[in-house]
Amino acid sequence: MEDKYAELREAVEKVELVDAHAHNIVALNSTVPFLNCFSEATGDALSFAPHTLSFKRCLKDISELYGSESSLHGVQYYRNTTGLERISAKCFQAARISTLLIDDGLEADQKLDIEWHCKYVPYTGRILRIERLAEQILDDGSADGIIWTLDTFTRIFLGKLNSLADKVFGLKSIAAYRSGLKINTDVRREEAEEGLADVLHAGTPVHIMNKHLIDFIFLRSLEVALSFDLPMQIHTGFGDKDLDLRLCNPLHLRSVLEDKRYSKSRIVLLHASYPFSKEASYLASVYSQVYLDFGLAVPKLSVHGMITSVKELLELAPIKKVMFSTDGCIFPETFYLGAKQARKVVFSVLRDACADGDLSIAEALEAVKDIFADNAKQFYKLDAAAQFVISENIASDHSSKLANEVSDVTESNAKQFYNLSATVNPINLENGICPHSLKVAAQSSEQDVSFVRIIWVDTSGQHRCRVVQRKRFHDSVKTNGLGLTFASMAMTSAADGPADGTDLSGVGEIRLLPHLSTKRRIPWAKQEEMVLADMYLRPGEAWEYCPREALRRVLKVLKEEFNLEVNAGFESEFFLLKKASSEGKEEWVPFDTSSYCSTSAFDVAAPILYEIIAALESLNIHVDQLHAESGNGQYEIVTGYTACSDAADNLIFTREAIRAVARKHGLLATFVPKYALGEIGSGSHVHISLSQNGKNVFMASDESSRYGMSKVGEEFMSGVLDHLPSILAFTAPVPNSYDRLQPHTWSGAYLCWGKENKEAPLRAACPPGIPDGFVSNFEIKAIDGCANPYLALSSIIASGIDGLRRHLNLPEPINEDPQEGKLQRLPKSLLESVDALENDSALEKLIGEKLLLAVKGVRKAEINYYAQNKDAYKNLIYRY
């Protein structure tokens with residue numbers, strides 16, 4: 001009698017399998033008991049595993065595959081005498097898995113890395129477990145002596161997550177194992193801080209169990225997943241006894257699913273959520289962002305349990321949302337068992353659906369492809385990431401291994417199954433890295449980092465770096481630093497030698513010590529990392545000339561005297577220039593000639609701007625907005641508001657990214673204030689606010705204030721206004737800066753302030769979302785891209801402190817275009833700014849006499865050089 005479902009059966013047996021959720025295999029000598037191949041139990045409970053239905057069935061399946069005695073002893077004997085390579089080849093070939101995504105966050109004795117699995121599966125990628133990443137960061141940072149705060153942890157965690165996001169196919173959370181799935185979407189900062197302290201108090205190795213911190217990590221990770229369009233796998237339902245099954249019901253996720261911030265996320269509920277399969281099915285039916293995966297339920301349950309669970313998933317859930325995985329883990333046999341039983345179960349479920357009239361045969365055939373491969377390919381964007389190809393090196397190696405070690409597998413069979421063609425371009429296999437996944441080949445493990453750039457910013461505002469090999473960095477430099485001459489903080493924009501009058505020379509050496517919390521993978525140079533450095537005379541003794549230390553000093557005074565902290569955000573204006581020939585002479589000309597905020601200007605630069613934004617996001621620098629500016633080829637990028645010291649760090653990385661991406665495209669990006677005297681200028685406007693215990697206290701609390709700002713805010717801003725002529729020696733540090741600071745150019749040429757007045761050097765801001773009449777922060781426009789941000793912010797904060805100490809009041813705001821004769825002009829030259837600084841005892845006391853001596857000496861050298869070399873400013877495009 002003809003088999004009515006023969007075509008369906010054949011489709012199930014032949015379909016390629018995309019295994020979208022699995023874990024690393026371990027070496028044969030691992031201490032993990034082989035009984036864990038069959039059960040999630042541990043300890044004494046594991047001894048009862050051989051008496052379960054799934055154990056008896058699975059053991060029989062394995063012994064048949066191996067041709068061994070059908071007993072636990074017989075299978076183990078075969079494993080040990082055959083070797084891991086051969087049994088893995090046999091299991092994976094029998095499973096016929098073409099694609100494997102591995103969550104490598106599960107720790108196990110003798111765990112093999114992801115690349116090891118490439119020998120058996122053509123296409124292999126990584127899923128990143130967020131809780132494990134957080135634990136590793138805290139462990140490593142504690143070992144390196146980092147004093148953890150929530151801000152520091154968040155910055156490093158998100159930085160690492162962003163740097164890895166384009167190297168993985170998804171994120172994964174095991175919140176179910178730690179504190180349950182009832183995620184608090186409104187977890188408060190104070191709660192997360194307490195959670196971090198609680199976790200750190202428990203000691204190392206870190207094991208994060210605090211619910212507040214788990215929820216905080218989950219939500220921040222989900223934001224990153226959204227920004228990179230990555231899915232989030234979530235453990236739901238059963239597992240080992242570490243979890244509380246009552247808290248693993250996916251219905252607890254409703255607060256996340258209902259939150260509009262995460263409505264565009266893509267979430268996959270793992271393990272069929274067993275025993276909550278019906279609940280999972282319901283969620284997938286009513287929430288667009290919910291998908292389902294039935295690994296672990298298949299093959300760990302009985303045959304009836306597996307079939308029932310998958311049927312329950314399909315009771316309400318769209319077929320397009322249900323995916324296969326093996327949840328293969330530790331042992332290669334788990335991958336084989338998961339694949340074998342999944343084929344049987346899916347055939348049974350679809351056959352019954354056809355018999356019941358729910359599906360036609362044609363629809364069931366489509367469902368086979370969807371469940372086993374196509375849904376996962378689309379969900380994890382596998383086809384978009386790379387073609388499913390394999391190098392000739394691997395193909396021949398893999399095929400020869402199978403042919404030699406497994407008698408029933410031949411090279412031709414492997415080529416036929418994996419659809420390998422002679423026309424496939426070979427890809428080199430280096431260091432055992434699996435080349436057929438673009439993301440895996442570029443994995444951001446630190447092992448493929450060759451060099452580390454140690455970056456500092458000198459008194460003249462130039463970025464400088466030393467580069468060391470990775471091994472030397474970790475062996476010595478990260479602890480002991482690098483030697484650097486005293487003269488490094490006395491160099492000008494025109495000469496790489498110490499300026500007179502700085503009291504610094506080539507005699508004497510400091511220690512350039514990496515600040516490890518700032519270490520980042522370089523997006524445009526994948527084999528390198530960069531890290532910002534502090535300057536020390538000797539371990540534990542900061543150098544008085546260190547710009548980062550200067551900023552820390554004034555922030556400390558502000559905190560200790562007034563319990564205030566500063567938040568800041570920068571607007572970076574820059575020109576994109578291209579090479580052109582004129583009368584046989586090469587010169588740099590604007591990249592484009594479109595107008596302010598024009599769509600055409602954005603379109604022409606979009607490929608460059610997109611690449612810059614991607615680089616910044618990978619560095620954990622959020623871009624708030626960008627647009628074409630008024631100048632030809634001029635653009636502006638506004639980066640996110642954050643803690644003051646972080647904002648300065650971010651500005652350095654932002655400039656580095658913009659310059660590097662421009663170079664990649666054959667362009668030159670310059671932040672020079674006035675690269676051409678006939679062009680509009682470029683600024684680096686900074687927005688400043690004050691906070692106390694996490695609350696903005698710059699803004700008035702009620703309508704009784706004069707200007708919509710608090711008394712504290714007014715006094716701080718008054719101090720900045722009062723010292724502004726001196727501040728310019730820091731924020732406008734080269735003579736060219738004053739070519740920009742001209743009336744009617746929105747740069748701020750007069751000593752005044754105004755509410756939303758872009759001609760005032762200090763602009764009180766009331767951005768969208770702030771109640772009318774209230775001021776949330778103020779903007780300093782008289783700052784440009786030649787400024788060292790640490791020194792610039794130090795001078796601003798020191799001035800604000802003086803205003804607070806003296807209880808200064810603001811004059812009346814100027815709410816019109818300032819006019820000559822009515823208001824005092826700000827310094828028209830760097831010489832005038834330095835003269836103002838010479839007489840500013842308040843800044844000298846707060847910033848430091850020695851550092852100010854170096855600043856004034858460098859500025860005077862700049863004045864002298866450019867006075868004698870009128871066209872030398874044109875060379876500044878190469879330095880800033």
# chains A, B, ... in the order shown; residues from 1 in each chain; ligands from 1
call {"tool": "residues_around", "arguments": {"residues": "Glu509 in chain A", "least_positions_apart": "5", "cutoff": "6 Å", "atoms": "only C-alpha atoms", "output": "PyMOL selection string"}}
result
chain A and resi 484-486
call {"tool": "residues_around", "arguments": {"residues": "range 489-496 of chain A", "least_positions_apart": "6", "cutoff": "12 Å", "atoms": "only C-alpha atoms", "output": "count of residues only"}}
result
60
call {"tool": "residues_around", "arguments": {"residues": "Val345 in chain A", "least_positions_apart": "2", "cutoff": "12 Å", "atoms": "only C-alpha atoms", "output": "PyMOL selection string"}}
result
chain A and resi 9+12-13+294-295+297-299+301-311+324+337-343+347-352+368+371-372
call {"tool": "select_by_dssp", "arguments": {"residues": "range 253-391 of chain A", "states": "strand (DSSP E or B)", "output": "PyMOL selection string"}}
result
chain A and resi 267-269+290-293+295-296+322-323+330
call {"tool": "residues_around", "arguments": {"residues": "Glu223 in chain A", "least_positions_apart": "3", "cutoff": "9 Å", "atoms": "only C-alpha atoms", "output": "NGL selection string"}}
result
:A and (218-220 or 226-228 or 261-262 or 265)
